[in-house]
Amino acid sequence: MSLGRTTRGVAAAVAALALGLASSAPARAADIKIGAMVPTSGSEAPYGIDMLNAIRMAADQINAKGGVLGEKISIIPGDDACDPQAAVNAASKLVSQGVTGVVGGYCSGATLPTLKIYGDAHVPFVITASNSTALIGANPGNAFMINSTGYDQVKTAVDLFKAKGIKTIAIINEGDAYSADLAKLTRAAWEKMGDKVVDYEVVSKGEQDFSAVVTKIRAAKPDAVFWTAYYADGALLLKQLRQGGYTGMIALGDGNNSPKLFQLAGPAANGVYCFSNPTANFLPSAKTFTEEYVKQFHQQPGPYSTLSYDGMMLMAHAIQVAGGPDKMKIIAALKATKDFKGVAGPISFTPQNTLARSNFVVLIGQGGKWALYTGPGAPKMP
Amino acid sequence: MPLQEILLQQLANGLILGSFYALVALGYSMVYGVIKLLNFAHGDLYMVGAFAGFGCLSLFSGWLGAGWAGIVPSILLSMVAVGLLGVVIDRIAYRPLREAPKLSVLITALAVSMVLENTVLAFTGGQFTAFSTDLGFAGIDLGLVHVTYTQMVLVGTSIVLMVVLELFVSRTRYGRAMRAIAIDPDACRLMGIDVNRTIALTFFIGSALAAASGVLAGVYYGSINFFMGFLIGLKAFTAAVIGGIGNIPGAMLGGLLLGLLEAFGTQIPGIGGQWKDVFVFAFLILFLVFRPTGILGKPEVERM
């Protein structure tokens, strides 16, 4: 009796699963398949799901207008889980599924090893969030970065510190490609100007207890602390810094622009600075995008949603220009991109296939949310 | 900050962090001691415990408030719930493999870990959840170091739970049954001990301890997520091995030692910061080379 019930339960579950798969509309052979490589599981899943939403929204809008050259675009998600190994698997799978192009890439550490896979298959790859400078040298020529790179962020950070009269800084990162890259570049730029980095820390990802680091920082007394990794651990760090009695300036890298930071850190996040690529809420041009996104997904668009949307639109544009799904022609079309009108600003590329302008802004925590900082040391908006 | 104050502060930091490791390490060590299984799902029970505690506190905070009046019943309820989950996991995943090769059970434990993590991921959408309480930053100044009431309760709770557990295992009939099964389950069966029930009890207690630790971590750090059990599971396992796996006072000592190593390791000039984990785990390797059974573990005697 009990066995029968279990079997029936399993059968029902399998049936439900089959139905679920069927309803997600498999790609027709004639469709243009675009891979969306983002982390939809793992610790960075919230960002990844947000990016996937934006990519899907772009594809739906293109399809509603008749598609590209009469063909529908179908999105194939590839979950990189913010993990280099999972990313390699996801990338190989996307290539074997015959995608015409790939849009996405959030964690630089996960994106890095996929460059060779897409490169070997000559798959055009529009990188919408990953911005480690390590990606620039490793790019075989088929990848295009539409987010500003670490170099631009370092310049924004140093300019702000200088304008605020900071003399000594402490830098904390998590040792992954993204946060270590930003930390090293900042240290190099800061020391080149003859100023001191009094503490340089690497902590493990997922660590909840920063008490030892906080004690060390209080002893080193830096004028500013710069956290270069992501918001979830960053929230705990800045809370513990304030509780531990550190009163100096705290600045956060662009992985921290999330409203969640304020829920996790509470009032400790007020007065904290954050460098960020321009997110939908600070872009006048993204008003209709935001409305559409909220209507479809019942939540505010996250920090990389505009860039992901732009990435999909850019890919579609390049296919249109190339006149078909010929990958080499699409790569050439991407390379020739000149002032493509994206929601997050115009896109042109440098000879290294990186965004030809800095899109960084400085945010400041005020009353439990991020506000655009326009005081001394703030970069000019495009 | 004078050096003396820095060292005292790091001592406090290490002890607090160490009591978390110790609580989780206890469960690891207990289960290993009784059925020789490295329960890799143990860190995830800590995570599930944190979420269960968060759920309870959300329900209670309306009429008990989000201070200790609401937190204490949340911890207790979470311990019971996760304890039962541990028993269910043992019944479904481990008990059918009791006679199977050790490697099969080990892989099953990894699978259970994945199932727990991804189930919570599916329910929470991967979001980090803010665990807000009314506990302030008030406390007393012990010499040069400020210790909050929350930290004192935290360390106190850990010590009480560890002592109770040690007494339970060394002084009660059930504890004696557990120790007997650790030596020879077949002989125990012949002596009329209900082996499966005793093992279930072991899982209940171990899982409940993980849950208590998880809720306390949520209360203390104020943030929980589906992945929070991974790193602490790894560290607690390390602590259990340092202490002598299968040994309860050993797990406590191992946890505290690991916490202190991390705190002081961060402070060492040149090593701290970038090389902290290398320092900590190099110590582990050296320690195991010279004392493979851990601090309190007894060498296993093989009779021929």
# chains A, B, ... in the order shown; residues from 1 in each chain; ligands from 1
$ select_by_dssp --residues "range 80-180 of chain A" --states "strand (DSSP E or B)" --output "CSV table (one decimal) with C-alpha atoms, in the first residue's frame"
chain,number,residue,atom,x,y,z
A,101,GLY,CA,26.0,33.8,-30.0
A,102,VAL,CA,26.3,34.1,-26.3
A,103,VAL,CA,25.2,37.0,-24.0
A,104,GLY,CA,26.0,37.2,-20.3
A,125,PHE,CA,30.2,36.5,-27.0
A,126,VAL,CA,28.9,39.8,-25.6
A,127,ILE,CA,30.0,40.1,-21.9
A,143,ALA,CA,34.4,38.5,-26.9
A,144,PHE,CA,33.1,42.0,-26.4
A,145,MET,CA,32.9,43.7,-23.0
A,168,THR,CA,46.1,55.7,3.9
A,169,ILE,CA,43.8,52.9,2.8
A,170,ALA,CA,43.1,49.3,3.6
A,171,ILE,CA,42.0,46.9,0.8
A,172,ILE,CA,40.0,43.7,1.4
A,173,ASN,CA,39.2,41.2,-1.3
$ interface_residues --of "chain A" --to "chain B" --cutoff "10 Å" --atoms "only C-alpha atoms" --output "CSV table (one decimal) with N, CA and C atoms, in the first residue's frame"
chain,number,residue,atom,x,y,z
A,40,THR,N,22.6,31.0,-12.5
A,40,THR,CA,21.2,30.9,-12.0
A,40,THR,C,21.1,30.0,-10.7
A,41,SER,N,22.2,29.5,-10.3
A,41,SER,CA,22.3,28.8,-9.0
A,41,SER,C,23.5,29.3,-8.3
A,42,GLY,N,23.7,28.9,-7.1
A,42,GLY,CA,24.9,29.3,-6.3
A,42,GLY,C,24.7,30.7,-5.7
A,43,SER,N,25.7,31.2,-5.1
A,43,SER,CA,25.6,32.4,-4.3
A,43,SER,C,25.2,33.6,-5.1
A,44,GLU,N,25.6,33.7,-6.3
A,44,GLU,CA,25.3,34.9,-7.1
A,44,GLU,C,24.0,34.8,-7.9
A,45,ALA,N,23.2,33.7,-7.6
A,45,ALA,CA,22.0,33.5,-8.4
A,45,ALA,C,21.1,34.7,-8.5
A,46,PRO,N,20.9,35.5,-7.5
A,46,PRO,CA,20.0,36.6,-7.6
A,46,PRO,C,20.4,37.5,-8.8
A,47,TYR,N,21.7,37.8,-8.9
A,47,TYR,CA,22.2,38.7,-10.0
A,47,TYR,C,21.9,38.0,-11.4
A,49,ILE,N,19.8,35.6,-12.2
A,49,ILE,CA,18.4,35.4,-12.6
A,49,ILE,C,17.9,36.8,-13.1
A,172,ILE,N,40.4,45.1,1.0
A,172,ILE,CA,40.0,43.7,1.4
A,172,ILE,C,39.4,43.1,0.2
A,173,ASN,N,39.8,41.9,-0.2
A,173,ASN,CA,39.2,41.2,-1.3
A,173,ASN,C,39.0,39.7,-1.0
A,174,GLU,N,38.4,39.0,-1.9
A,174,GLU,CA,38.1,37.6,-1.6
A,174,GLU,C,38.9,36.6,-2.4
A,175,GLY,N,39.9,37.1,-3.2
A,175,GLY,CA,40.9,36.3,-3.8
A,175,GLY,C,40.4,35.7,-5.1
A,199,ASP,N,46.9,48.1,4.9
A,199,ASP,CA,46.5,46.7,5.2
A,199,ASP,C,45.9,46.2,3.9
A,200,TYR,N,46.3,44.9,3.5
A,200,TYR,CA,45.8,44.3,2.3
A,200,TYR,C,45.4,42.9,2.7
A,201,GLU,N,44.1,42.7,2.7
A,201,GLU,CA,43.5,41.4,3.3
A,201,GLU,C,42.8,40.6,2.2
A,202,VAL,N,43.0,39.3,2.3
A,202,VAL,CA,42.2,38.3,1.5
A,202,VAL,C,41.3,37.5,2.4
A,203,VAL,N,40.0,37.5,2.3
A,203,VAL,CA,39.2,36.7,3.1
A,203,VAL,C,38.5,35.6,2.3
A,204,SER,N,38.0,34.5,2.9
A,204,SER,CA,37.3,33.5,2.1
A,204,SER,C,35.9,33.9,1.8
A,205,LYS,N,35.5,33.5,0.6
A,205,LYS,CA,34.1,33.8,0.2
A,205,LYS,C,33.2,33.0,1.1
A,206,GLY,N,32.1,33.7,1.6
A,206,GLY,CA,31.1,33.0,2.4
A,206,GLY,C,31.5,33.1,3.9
A,207,GLU,N,32.6,33.7,4.2
A,207,GLU,CA,33.0,33.9,5.6
A,207,GLU,C,32.0,34.9,6.2
A,208,GLN,N,31.6,34.5,7.4
A,208,GLN,CA,30.6,35.4,8.1
A,208,GLN,C,31.3,36.2,9.2
A,209,ASP,N,32.4,35.7,9.7
A,209,ASP,CA,33.0,36.4,10.8
A,209,ASP,C,34.3,37.2,10.4
A,210,PHE,N,34.2,38.5,10.5
A,210,PHE,CA,35.4,39.3,10.1
A,210,PHE,C,36.0,39.9,11.3
A,211,SER,N,35.7,39.4,12.5
A,211,SER,CA,36.2,40.1,13.7
A,211,SER,C,37.7,40.2,13.7
A,212,ALA,N,38.4,39.2,13.3
A,212,ALA,CA,39.9,39.3,13.3
A,212,ALA,C,40.4,40.4,12.4
A,213,VAL,N,39.8,40.5,11.2
A,213,VAL,CA,40.2,41.5,10.2
A,213,VAL,C,39.9,42.9,10.8
A,214,VAL,N,38.7,43.0,11.4
A,214,VAL,CA,38.3,44.3,11.9
A,214,VAL,C,39.3,44.7,13.0
A,215,THR,N,39.7,43.8,13.9
A,215,THR,CA,40.6,44.2,14.9
A,215,THR,C,41.9,44.7,14.3
A,216,LYS,N,42.4,44.0,13.2
A,216,LYS,CA,43.6,44.3,12.6
A,216,LYS,C,43.5,45.7,11.9
A,217,ILE,N,42.3,46.0,11.3
A,217,ILE,CA,42.2,47.3,10.6
A,217,ILE,C,42.1,48.4,11.6
A,218,ARG,N,41.5,48.2,12.8
A,218,ARG,CA,41.4,49.2,13.8
A,218,ARG,C,42.8,49.5,14.3
A,219,ALA,N,43.7,48.5,14.3
A,219,ALA,CA,45.0,48.8,14.8
A,219,ALA,C,45.8,49.5,13.7
A,220,ALA,N,45.5,49.2,12.4
A,220,ALA,CA,46.3,49.9,11.3
A,220,ALA,C,45.8,51.3,11.0
A,221,LYS,N,44.6,51.6,11.5
A,221,LYS,CA,44.0,53.0,11.3
A,221,LYS,C,44.0,53.6,9.9
A,231,TYR,N,28.4,42.0,-2.4
A,231,TYR,CA,27.6,42.7,-1.4
A,231,TYR,C,27.2,41.8,-0.1
A,232,ALA,N,27.0,40.5,-0.4
A,232,ALA,CA,26.5,39.7,0.7
A,232,ALA,C,27.5,39.7,1.9
A,233,ASP,N,28.7,39.4,1.5
A,233,ASP,CA,29.8,39.4,2.5
A,233,ASP,C,30.2,40.8,2.9
A,235,ALA,N,28.2,43.3,3.3
A,235,ALA,CA,27.3,43.9,4.2
A,235,ALA,C,27.7,43.5,5.6
A,236,LEU,N,28.2,42.2,5.8
A,236,LEU,CA,28.6,41.8,7.1
A,236,LEU,C,29.9,42.5,7.5
A,237,LEU,N,30.8,42.7,6.6
A,237,LEU,CA,32.0,43.3,6.9
A,237,LEU,C,31.8,44.7,7.4
A,239,LYS,N,29.1,46.1,8.6
A,239,LYS,CA,28.4,46.1,9.9
A,239,LYS,C,29.4,45.9,11.0
A,240,GLN,N,30.3,44.8,10.8
A,240,GLN,CA,31.2,44.5,11.9
A,240,GLN,C,32.3,45.6,12.0
A,243,GLN,N,30.5,48.2,14.1
A,243,GLN,CA,30.3,47.7,15.5
A,243,GLN,C,31.7,47.7,16.2
A,244,GLY,N,32.7,47.3,15.5
A,244,GLY,CA,34.0,47.2,16.1
A,244,GLY,C,34.7,48.6,16.4
A,260,LYS,N,19.7,45.0,-1.2
A,260,LYS,CA,19.8,44.0,-0.2
A,260,LYS,C,20.9,44.4,0.8
A,261,LEU,N,21.9,45.1,0.4
A,261,LEU,CA,23.0,45.5,1.3
A,261,LEU,C,22.4,46.2,2.5
A,262,PHE,N,21.4,47.0,2.3
A,262,PHE,CA,20.9,47.8,3.4
A,262,PHE,C,20.1,46.9,4.4
A,263,GLN,N,19.4,45.9,3.8
A,263,GLN,CA,18.7,45.0,4.7
A,263,GLN,C,19.7,44.2,5.6
A,264,LEU,N,20.8,43.8,5.0
A,264,LEU,CA,21.8,43.0,5.7
A,264,LEU,C,22.6,43.8,6.6
A,265,ALA,N,23.0,45.0,6.2
A,265,ALA,CA,23.9,45.8,7.0
A,265,ALA,C,23.2,46.8,8.0
A,266,GLY,N,21.9,47.1,7.7
A,266,GLY,CA,21.2,48.0,8.5
A,266,GLY,C,21.8,49.4,8.4
$ select_by_dssp --residues "range 199-313 of chain A" --states "helix (DSSP H, G or I)" --output "count of residues only"
62
$ atom_distance --atom1 "CA of Ala316 in chain A" --atom2 "CA of Gln61 in chain A"
11.1 Å
$ atom_distance --atom1 "CA of Ser348 in chain A" --atom2 "CA of Ile62 in chain A"
21.4 Å
$ atom_distance --atom1 "CA of Ser61 in chain B" --atom2 "CA of Val160 in chain B"
25.3 Å
$ residues_around --residues "range 150-154 of chain B" --least-positions-apart "6" --cutoff "12 Å" --atoms "only C-alpha atoms" --output "PyMOL selection string"
chain B and resi 12-20+22-23+67-68+71-72+75+133-142+160-161+212-221
$ decode --residues "range 7-21 of chain B" --atoms "all heavy atoms" --output "mmCIF file, in the first residue's frame"
data_model
loop_
_atom_site.group_PDB
_atom_site.id
_atom_site.type_symbol
_atom_site.label_atom_id
_atom_site.label_comp_id
_atom_site.auth_asym_id
_atom_site.auth_seq_id
_atom_site.Cartn_x
_atom_site.Cartn_y
_atom_site.Cartn_z
ATOM 1 N N LEU B 7 45.852 41.938 21.079
ATOM 2 C CA LEU B 7 45.926 40.496 21.347
ATOM 3 C C LEU B 7 44.714 40.025 22.152
ATOM 4 O O LEU B 7 44.138 38.975 21.858
ATOM 5 C CB LEU B 7 47.226 40.162 22.091
ATOM 6 C CG LEU B 7 48.500 40.352 21.251
ATOM 7 C CD1 LEU B 7 49.738 39.985 22.054
ATOM 8 C CD2 LEU B 7 48.434 39.536 19.960
ATOM 9 N N LEU B 8 44.307 40.820 23.147
ATOM 10 C CA LEU B 8 43.126 40.442 23.932
ATOM 11 C C LEU B 8 41.886 40.400 23.052
ATOM 12 O O LEU B 8 41.052 39.495 23.152
ATOM 13 C CB LEU B 8 42.908 41.440 25.068
ATOM 14 C CG LEU B 8 43.723 41.183 26.325
ATOM 15 C CD1 LEU B 8 43.499 42.294 27.334
ATOM 16 C CD2 LEU B 8 43.318 39.835 26.938
ATOM 17 N N GLN B 9 41.767 41.406 22.173
ATOM 18 C CA GLN B 9 40.611 41.452 21.278
ATOM 19 C C GLN B 9 40.615 40.238 20.352
ATOM 20 O O GLN B 9 39.571 39.623 20.125
ATOM 21 C CB GLN B 9 40.651 42.758 20.471
ATOM 22 C CG GLN B 9 39.445 42.975 19.582
ATOM 23 C CD GLN B 9 38.170 43.234 20.381
ATOM 24 O OE1 GLN B 9 38.111 44.160 21.188
ATOM 25 N NE2 GLN B 9 37.158 42.404 20.193
ATOM 26 N N GLN B 10 41.788 39.875 19.831
ATOM 27 C CA GLN B 10 41.864 38.700 18.951
ATOM 28 C C GLN B 10 41.543 37.416 19.723
ATOM 29 O O GLN B 10 40.953 36.489 19.176
ATOM 30 C CB GLN B 10 43.241 38.573 18.289
ATOM 31 C CG GLN B 10 43.593 39.688 17.300
ATOM 32 C CD GLN B 10 42.728 39.685 16.051
ATOM 33 O OE1 GLN B 10 41.611 39.161 16.049
ATOM 34 N NE2 GLN B 10 43.215 40.308 14.995
ATOM 35 N N LEU B 11 41.910 37.391 20.995
ATOM 36 C CA LEU B 11 41.577 36.233 21.828
ATOM 37 C C LEU B 11 40.058 36.086 21.921
ATOM 38 O O LEU B 11 39.497 35.002 21.721
ATOM 39 C CB LEU B 11 42.185 36.404 23.223
ATOM 40 C CG LEU B 11 41.949 35.254 24.204
ATOM 41 C CD1 LEU B 11 42.782 34.049 23.816
ATOM 42 C CD2 LEU B 11 42.286 35.668 25.638
ATOM 43 N N ALA B 12 39.388 37.215 22.200
ATOM 44 C CA ALA B 12 37.922 37.189 22.273
ATOM 45 C C ALA B 12 37.330 36.785 20.928
ATOM 46 O O ALA B 12 36.440 35.923 20.854
ATOM 47 C CB ALA B 12 37.406 38.561 22.692
ATOM 48 N N ASN B 13 37.851 37.377 19.838
ATOM 49 C CA ASN B 13 37.355 37.039 18.495
ATOM 50 C C ASN B 13 37.485 35.540 18.241
ATOM 51 O O ASN B 13 36.563 34.897 17.735
ATOM 52 C CB ASN B 13 38.176 37.771 17.423
ATOM 53 C CG ASN B 13 38.009 39.273 17.469
ATOM 54 O OD1 ASN B 13 37.065 39.779 18.063
ATOM 55 N ND2 ASN B 13 38.942 39.994 16.873
ATOM 56 N N GLY B 14 38.640 35.003 18.588
ATOM 57 C CA GLY B 14 38.911 33.597 18.327
ATOM 58 C C GLY B 14 38.008 32.682 19.124
ATOM 59 O O GLY B 14 37.520 31.674 18.620
ATOM 60 N N LEU B 15 37.774 33.038 20.379
ATOM 61 C CA LEU B 15 36.922 32.181 21.219
ATOM 62 C C LEU B 15 35.479 32.185 20.717
ATOM 63 O O LEU B 15 34.806 31.148 20.708
ATOM 64 C CB LEU B 15 36.978 32.653 22.673
ATOM 65 C CG LEU B 15 38.282 32.339 23.412
ATOM 66 C CD1 LEU B 15 38.243 32.897 24.820
ATOM 67 C CD2 LEU B 15 38.510 30.828 23.452
ATOM 68 N N ILE B 16 34.998 33.344 20.292
ATOM 69 C CA ILE B 16 33.612 33.426 19.815
ATOM 70 C C ILE B 16 33.448 32.619 18.529
ATOM 71 O O ILE B 16 32.546 31.791 18.403
ATOM 72 C CB ILE B 16 33.204 34.896 19.601
ATOM 73 C CG1 ILE B 16 33.111 35.583 20.964
ATOM 74 C CG2 ILE B 16 31.892 34.992 18.854
ATOM 75 C CD1 ILE B 16 33.215 37.074 20.907
ATOM 76 N N LEU B 17 34.366 32.851 17.589
ATOM 77 C CA LEU B 17 34.319 32.106 16.331
ATOM 78 C C LEU B 17 34.487 30.617 16.612
ATOM 79 O O LEU B 17 33.790 29.772 16.040
ATOM 80 C CB LEU B 17 35.442 32.614 15.415
ATOM 81 C CG LEU B 17 35.536 32.007 14.026
ATOM 82 C CD1 LEU B 17 34.235 32.245 13.273
ATOM 83 C CD2 LEU B 17 36.692 32.636 13.253
ATOM 84 N N GLY B 18 35.400 30.307 17.545
ATOM 85 C CA GLY B 18 35.676 28.917 17.888
ATOM 86 C C GLY B 18 34.476 28.212 18.476
ATOM 87 O O GLY B 18 34.273 27.013 18.239
ATOM 88 N N SER B 19 33.628 28.931 19.236
ATOM 89 C CA SER B 19 32.477 28.215 19.810
ATOM 90 C C SER B 19 31.466 27.819 18.739
ATOM 91 O O SER B 19 30.766 26.818 18.883
ATOM 92 C CB SER B 19 31.817 28.986 20.958
ATOM 93 O OG SER B 19 31.985 30.329 20.839
ATOM 94 N N PHE B 20 31.401 28.605 17.648
ATOM 95 C CA PHE B 20 30.551 28.166 16.525
ATOM 96 C C PHE B 20 31.103 26.878 15.914
ATOM 97 O O PHE B 20 30.379 25.920 15.681
ATOM 98 C CB PHE B 20 30.520 29.238 15.427
ATOM 99 C CG PHE B 20 29.527 30.318 15.687
ATOM 100 C CD1 PHE B 20 29.940 31.605 15.921
ATOM 101 C CD2 PHE B 20 28.178 30.038 15.691
ATOM 102 C CE1 PHE B 20 29.024 32.605 16.166
ATOM 103 C CE2 PHE B 20 27.245 31.028 15.931
ATOM 104 C CZ PHE B 20 27.678 32.327 16.166
ATOM 105 N N TYR B 21 32.410 26.900 15.631
ATOM 106 C CA TYR B 21 33.040 25.720 15.042
ATOM 107 C C TYR B 21 32.825 24.511 15.947
ATOM 108 O O TYR B 21 32.520 23.417 15.492
ATOM 109 C CB TYR B 21 34.546 25.949 14.847
ATOM 110 C CG TYR B 21 34.896 26.982 13.807
ATOM 111 C CD1 TYR B 21 36.137 27.609 13.802
ATOM 112 C CD2 TYR B 21 33.990 27.330 12.809
ATOM 113 C CE1 TYR B 21 36.471 28.551 12.849
ATOM 114 C CE2 TYR B 21 34.314 28.269 11.861
ATOM 115 C CZ TYR B 21 35.556 28.876 11.882
ATOM 116 O OH TYR B 21 35.884 29.804 10.929
#
